[in-house]
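Have a look at work_2.txt below; it lists compact mmCIF, C-alpha atoms and all ligand atoms.
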```txt
# COMPACT_ATOMS: atom_id res chain seq x y z
CA MET A 1 140.13 77.14 52.63
CA ILE A 2 142.90 75.82 54.88
CA THR A 3 140.27 75.48 57.65
CA GLY A 4 138.16 73.14 55.54
CA GLU A 5 135.45 75.75 55.09
CA SER A 6 134.29 76.81 51.63
CA GLU A 7 133.79 80.52 52.08
CA PHE A 8 134.28 81.70 48.53
CA ASN A 9 132.13 81.94 45.50
CA GLU A 10 132.17 84.17 42.47
CA VAL A 11 129.13 85.90 41.02
CA PHE A 12 129.05 87.23 37.46
CA TYR A 13 126.52 89.82 36.28
CA THR A 14 126.12 89.85 32.52
CA ASP A 15 124.50 92.84 30.78
CA ALA A 16 123.27 94.17 34.13
CA VAL A 17 121.52 97.53 33.92
CA ALA A 18 120.62 99.94 36.73
CA PRO A 19 118.57 103.14 36.50
CA LYS A 20 120.81 106.22 36.80
CA GLY A 21 119.01 107.35 39.94
CA GLU A 22 119.99 104.17 41.74
CA VAL A 23 123.72 104.43 41.10
CA ILE A 24 125.37 104.90 44.47
CA GLY A 25 127.87 107.74 44.56
CA GLY A 26 127.23 108.80 40.97
CA VAL A 27 128.25 107.36 37.59
CA ASN A 28 131.97 106.57 37.14
CA ASN A 29 132.66 107.14 40.83
CA GLY A 30 132.91 103.48 41.82
CA TRP A 31 136.45 103.74 43.16
CA ALA A 32 135.46 106.38 45.72
CA VAL A 33 132.47 104.25 46.75
CA ALA A 34 134.70 101.17 47.08
CA MET A 35 137.21 103.13 49.19
CA THR A 36 134.44 104.37 51.49
CA LEU A 37 133.16 100.82 51.86
CA LEU A 38 136.65 99.54 52.67
CA GLY A 39 137.11 102.29 55.26
CA PHE A 40 134.01 100.96 57.05
CA GLU A 41 135.08 97.33 56.63
CA ARG A 42 138.48 98.04 58.15
CA GLY A 43 137.44 100.53 60.79
CA GLU A 44 134.02 99.55 62.04
CA ALA A 45 135.19 97.13 64.75
CA ALA A 46 138.00 99.36 66.03
CA ALA A 47 136.27 100.02 69.33
CA VAL A 48 134.96 96.51 70.05
CA SER A 49 137.68 94.26 68.69
CA PRO A 50 140.09 95.05 71.59
CA ILE A 51 137.40 93.69 73.93
CA ARG A 52 137.22 90.47 71.94
CA TYR A 53 140.99 90.18 71.75
CA GLN A 54 141.25 90.75 75.49
CA ALA A 55 138.72 87.95 76.07
CA GLU A 56 140.72 85.71 73.76
CA LEU A 57 143.95 86.56 75.57
CA ASP A 58 142.28 85.82 78.92
CA ARG A 59 141.40 82.36 77.59
CA LEU A 60 144.99 81.89 76.48
CA LEU A 61 146.29 82.87 79.93
CA LEU A 62 143.91 80.35 81.46
CA MET A 63 145.14 77.64 79.11
CA ALA A 64 148.78 78.48 79.92
CA LYS A 65 147.95 78.08 83.60
CA GLU A 66 146.04 74.85 83.06
CA ARG A 67 148.98 73.44 81.14
CA GLY A 68 151.49 74.63 83.74
CA VAL A 69 153.52 76.77 81.32
CA ASN A 70 152.59 80.14 82.82
CA THR A 71 155.81 80.09 84.84
CA ASP A 72 158.00 79.48 81.80
CA PRO A 73 159.92 82.79 81.36
CA LEU A 74 159.82 82.67 77.56
CA ILE A 75 156.08 81.97 77.47
CA ARG A 76 155.51 84.73 80.05
CA GLN A 77 157.48 87.16 77.93
CA ARG A 78 155.38 86.34 74.87
CA LEU A 79 152.16 86.62 76.88
CA ALA A 80 153.28 90.01 78.17
CA TRP A 81 153.96 91.11 74.60
CA CYS A 82 150.40 90.08 73.68
CA HIS A 83 149.02 91.99 76.66
CA SER A 84 150.83 95.16 75.57
CA LYS A 85 149.51 94.80 72.01
CA VAL A 86 145.90 94.41 73.19
CA GLN A 87 146.32 97.53 75.34
CA MET A 88 147.62 99.45 72.31
CA MET A 89 144.63 98.19 70.33
CA ARG A 90 142.38 99.49 73.10
CA TYR A 91 143.83 102.99 72.79
CA LEU A 92 143.70 102.86 69.00
CA GLY A 93 140.04 101.81 69.29
CA MET A 94 139.25 104.65 71.67
CA ARG A 95 140.84 107.11 69.26
CA THR A 96 138.72 105.77 66.39
CA LEU A 97 135.58 105.83 68.54
CA THR A 98 136.30 109.45 69.51
CA GLN A 99 136.64 110.31 65.82
CA PHE A 100 133.28 108.64 65.07
CA LEU A 101 131.63 110.55 67.91
CA GLN A 102 132.98 113.76 66.41
CA GLY A 103 131.34 112.90 63.09
CA HIS A 104 134.45 111.69 61.29
CA GLN A 105 133.82 108.85 58.80
CA PRO A 106 136.28 105.95 58.64
CA GLY A 107 138.91 106.80 56.05
CA PRO A 108 142.40 105.63 55.15
CA ASP A 109 143.42 105.71 58.81
CA ALA A 110 141.21 102.63 59.32
CA ALA A 111 144.15 100.77 57.77
CA ILE A 112 146.15 101.31 60.99
CA GLY A 113 143.76 99.27 63.13
CA LYS A 114 143.31 96.56 60.50
CA LEU A 115 147.07 96.17 60.11
CA PHE A 116 147.55 96.10 63.87
CA TRP A 117 144.96 93.46 64.82
CA SER A 118 145.65 91.14 61.90
CA GLU A 119 149.42 91.07 62.43
CA TYR A 120 148.89 90.64 66.19
CA HIS A 121 146.45 87.79 65.68
CA LYS A 122 148.92 85.73 63.67
CA ILE A 123 151.42 85.94 66.53
CA VAL A 124 149.06 85.32 69.48
CA THR A 125 147.62 82.25 67.77
CA GLU A 126 151.14 80.94 67.11
CA LEU A 127 151.74 81.29 70.83
CA ALA A 128 148.56 79.30 71.49
CA MET A 129 149.90 76.53 69.25
CA ASP A 130 153.21 76.53 71.12
CA ILE A 131 151.43 76.36 74.47
CA MET A 132 149.40 73.38 73.28
CA GLY A 133 152.42 71.65 71.79
CA ALA A 134 151.64 68.38 70.03
CA ASP A 135 147.97 68.66 71.07
CA ALA A 136 147.67 71.42 68.49
CA MET A 137 148.03 68.79 65.76
CA VAL A 138 144.78 67.05 66.72
CA PRO A 139 142.58 67.26 63.64
CA ALA A 140 140.15 70.13 63.86
CA GLY A 141 136.49 69.20 63.75
CA ARG A 142 134.34 72.27 64.00
CA PRO A 143 135.12 75.16 61.69
CA PRO A 144 134.83 78.60 63.28
CA SER A 145 131.73 80.62 62.63
CA SER A 146 133.58 83.49 60.98
CA ALA A 147 136.96 84.48 59.63
CA PHE A 148 137.36 86.88 62.54
CA GLY A 149 139.43 84.76 64.90
CA ALA A 150 138.49 86.23 68.25
CA ASP A 151 134.93 85.10 67.57
CA ASP A 152 135.90 81.47 67.58
CA ALA A 153 135.21 80.85 71.22
CA GLY A 154 132.62 78.12 70.73
CA ALA A 155 134.41 75.71 73.02
CA PRO A 156 136.73 77.70 75.30
CA ASN A 157 140.28 76.43 75.14
CA SER A 158 139.37 73.35 73.20
CA THR A 159 142.10 72.18 70.85
CA ASN A 160 139.81 72.52 67.85
CA SER A 161 138.85 76.06 68.65
CA TRP A 162 142.45 77.29 68.97
CA ALA A 163 143.74 75.33 65.98
CA MET A 164 140.98 76.70 63.76
CA THR A 165 141.56 80.21 65.03
CA PHE A 166 145.28 79.82 64.27
CA LEU A 167 144.50 78.73 60.70
CA ASN A 168 142.00 81.53 60.17
CA ALA A 169 144.41 84.14 61.51
CA ARG A 170 146.70 83.43 58.52
CA ALA A 171 144.02 84.89 56.26
CA GLY A 172 143.58 88.00 58.42
CA THR A 173 146.56 89.77 56.87
CA ILE A 174 145.11 89.14 53.38
CA TYR A 175 141.37 89.76 53.47
CA ALA A 176 140.06 93.33 53.64
CA GLY A 177 143.35 94.27 51.97
CA SER A 178 146.76 92.70 52.57
CA SER A 179 149.19 94.10 55.13
CA GLN A 180 151.47 95.34 52.37
CA VAL A 181 148.62 97.34 50.87
CA GLN A 182 147.57 98.66 54.31
CA ARG A 183 151.15 99.89 54.84
CA ASN A 184 151.06 101.66 51.49
CA ILE A 185 147.77 103.33 52.47
CA VAL A 186 149.13 104.43 55.85
CA GLY A 187 152.34 105.69 54.25
CA GLU A 188 150.77 107.56 51.37
CA MET A 189 147.33 108.63 52.59
CA VAL A 190 147.81 109.02 56.34
CA LEU A 191 151.46 110.05 56.71
CA GLY A 192 151.65 111.80 53.33
CA LEU A 193 154.83 110.02 52.25
CA PRO A 194 155.73 109.91 48.55
CA LYS A 195 153.79 107.38 46.51
CA GLU A 196 155.34 103.99 45.86
CA PRO A 197 157.16 103.73 42.53
CA ARG A 198 154.82 102.81 39.70
CA PRO A 199 155.65 101.44 36.25
CA SER A 200 155.74 104.31 33.78
C1 LIG B 1 139.63 84.42 53.87
C2 LIG B 1 139.40 85.49 52.85
C3 LIG B 1 138.17 86.11 52.78
C4 LIG B 1 137.94 87.11 51.85
N1 LIG B 1 136.72 87.67 51.79
C5 LIG B 1 136.44 88.59 50.84
C6 LIG B 1 135.14 89.19 50.75
O1 LIG B 1 134.25 88.86 51.54
N2 LIG B 1 134.91 90.10 49.78
C7 LIG B 1 135.88 90.48 48.90
O2 LIG B 1 135.62 91.31 48.03
N3 LIG B 1 137.12 89.93 48.97
C8 LIG B 1 137.42 89.01 49.90
N4 LIG B 1 138.69 88.46 49.98
C9 LIG B 1 139.68 88.85 48.96
C10 LIG B 1 140.74 89.76 49.56
O3 LIG B 1 140.21 91.06 49.76
C11 LIG B 1 141.96 89.76 48.62
O4 LIG B 1 142.48 88.44 48.60
C12 LIG B 1 143.03 90.73 49.12
O5 LIG B 1 142.58 92.07 49.05
C13 LIG B 1 144.34 90.61 48.35
O6 LIG B 1 144.09 90.78 46.99
P1 LIG B 1 144.59 89.68 45.96
O7 LIG B 1 144.21 88.30 46.49
O8 LIG B 1 144.09 90.09 44.61
O9 LIG B 1 146.17 89.76 46.03
P2 LIG B 1 147.11 90.66 45.10
O10 LIG B 1 146.61 92.07 45.11
O11 LIG B 1 147.31 89.97 43.81
O12 LIG B 1 148.43 90.62 45.98
C14 LIG B 1 149.35 89.51 45.92
C15 LIG B 1 150.51 89.87 46.83
O13 LIG B 1 151.16 91.07 46.36
C16 LIG B 1 151.15 92.06 47.38
N5 LIG B 1 150.88 93.37 46.80
C17 LIG B 1 149.86 93.68 45.93
N6 LIG B 1 149.90 94.98 45.62
C18 LIG B 1 150.95 95.53 46.30
C19 LIG B 1 151.50 96.83 46.39
N7 LIG B 1 150.98 97.87 45.70
N8 LIG B 1 152.58 97.01 47.20
C20 LIG B 1 153.12 95.97 47.89
N9 LIG B 1 152.64 94.70 47.84
C21 LIG B 1 151.57 94.48 47.06
C22 LIG B 1 150.06 91.65 48.35
O14 LIG B 1 150.32 92.14 49.66
C23 LIG B 1 150.11 90.15 48.27
O15 LIG B 1 151.11 89.63 49.13
C24 LIG B 1 138.96 87.48 50.93
C25 LIG B 1 140.22 86.86 51.01
C26 LIG B 1 140.45 85.88 51.95
C27 LIG B 1 141.81 85.23 52.01
```

As structure tokens, what does this structure read like?
Amino acid sequence: MITGESEFNEVFYTDAVAPKGEVIGGVNNGWAVAMTLLGFERGEAAAVSPIRYQAELDRLLLMAKERGVNTDPLIRQRLAWCHSKVQMMRYLGMRTLTQFLQGHQPGPDAAIGKLFWSEYHKIVTELAMDIMGADAMVPAGRPPSSAFGADDAGAPNSTNSWAMTFLNARAGTIYAGSSQVQRNIVGEMVLGLPKEPRPS
């Protein structure tokens, strides 16, 4: 990967057989099972990820202060934009948490949160790179522990930590379903808009 990590591998099962009773969701129902799984993957962190993104933004504010750019009006404007996005994420998270508490399972609406945090994270990490300036080009040494950028707080405000988080954030709008696909899901399955054109 662009971070230097090797996260991927591919596993092939040849002639694999499972007893009927152990088929999850019933035979020939794999798509529904996959969709349920993806709903959980995209929605499960809705309530806690705003907390992590707030902590990350706090570290960024500290770095801006340390580097004396917190009085730059353009940087301040971009920081304020980030603050407003994290607040929106907080309310989105509370809405999802309320739905969970009412017994609602994550469904297609989980795409809203996934789209929101991943697009936000690309922009906030770009801002971090701009705040660091040329320091951001220092070769990164320690890869982050996970693809989820806000986790990468191993060394607060170290150049490596931010640069790696920036690189990882590029993948955020691809994994767990790309932003384009999330928008399709929101459009078609949440808002009930007409389906995208398909080849006949
Ligand atoms: C860092 C990373 C970690 C990952 N981890 C996992 C993992 O743990 N498990 C796992 O199963 N997968 C994992 N993936 C795979 C990931 O889920 C897929 O890469 C992702 O869903 C996109 O699918 P694709 O690569 O086949 O792209 P494609 O579906 O081929 O898409 C290519 C491009 O076309 C666009 N596109 C595709 N369909 C449409 C459409 N209908 N409308 C508009 N635009 C469209 C996409 O947005 C994209 O820009 C990971 C990927 C990355 C980058």

Within-10 Å residues of ligand LIG 1 (chain B), basis all atoms listed in the file, as a PyMOL selection string: chain A and resi 1-3+5-10+34+38+41+146-148+168-185+195-198

Atomic distance CA of Gln54 (chain A) - CA of Lys85 (chain A), expressed in Å with one decimal: 9.8 Å

CA of Met63 (chain A) to CA of Met94 (chain A), distance in Å rounded to a single decimal: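 A separation of 28.6 Å between them.
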
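For the pair CA of Gly133 (chain A) and CA of Ala64 (chain A), the separation is 11.2 Å.
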
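Near Phe166 (chain A), within a cut-off of 10 Å and counting only C-alpha atoms, sit the residues Thr3, His121, Lys122, Ile123, Val124, Thr125, Glu126, Leu127, Ala128, Met129, Ala136, Gly149, Asn160, Ser161 and Ala171 of chain A, with same-chain residues fewer than 5 positions away left out.
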
Sel. within 12 Å of pt (131.5, 101.0, 60.1), counting only C-alpha atoms, output as a count of residues only: 21

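Among the candidate residues A:Leu167, A:Met89, A:Leu79, A:Ile112, the one lying nearest to Gly187 (chain A) is A:Ile112, with distances computed using all atoms listed in the file.
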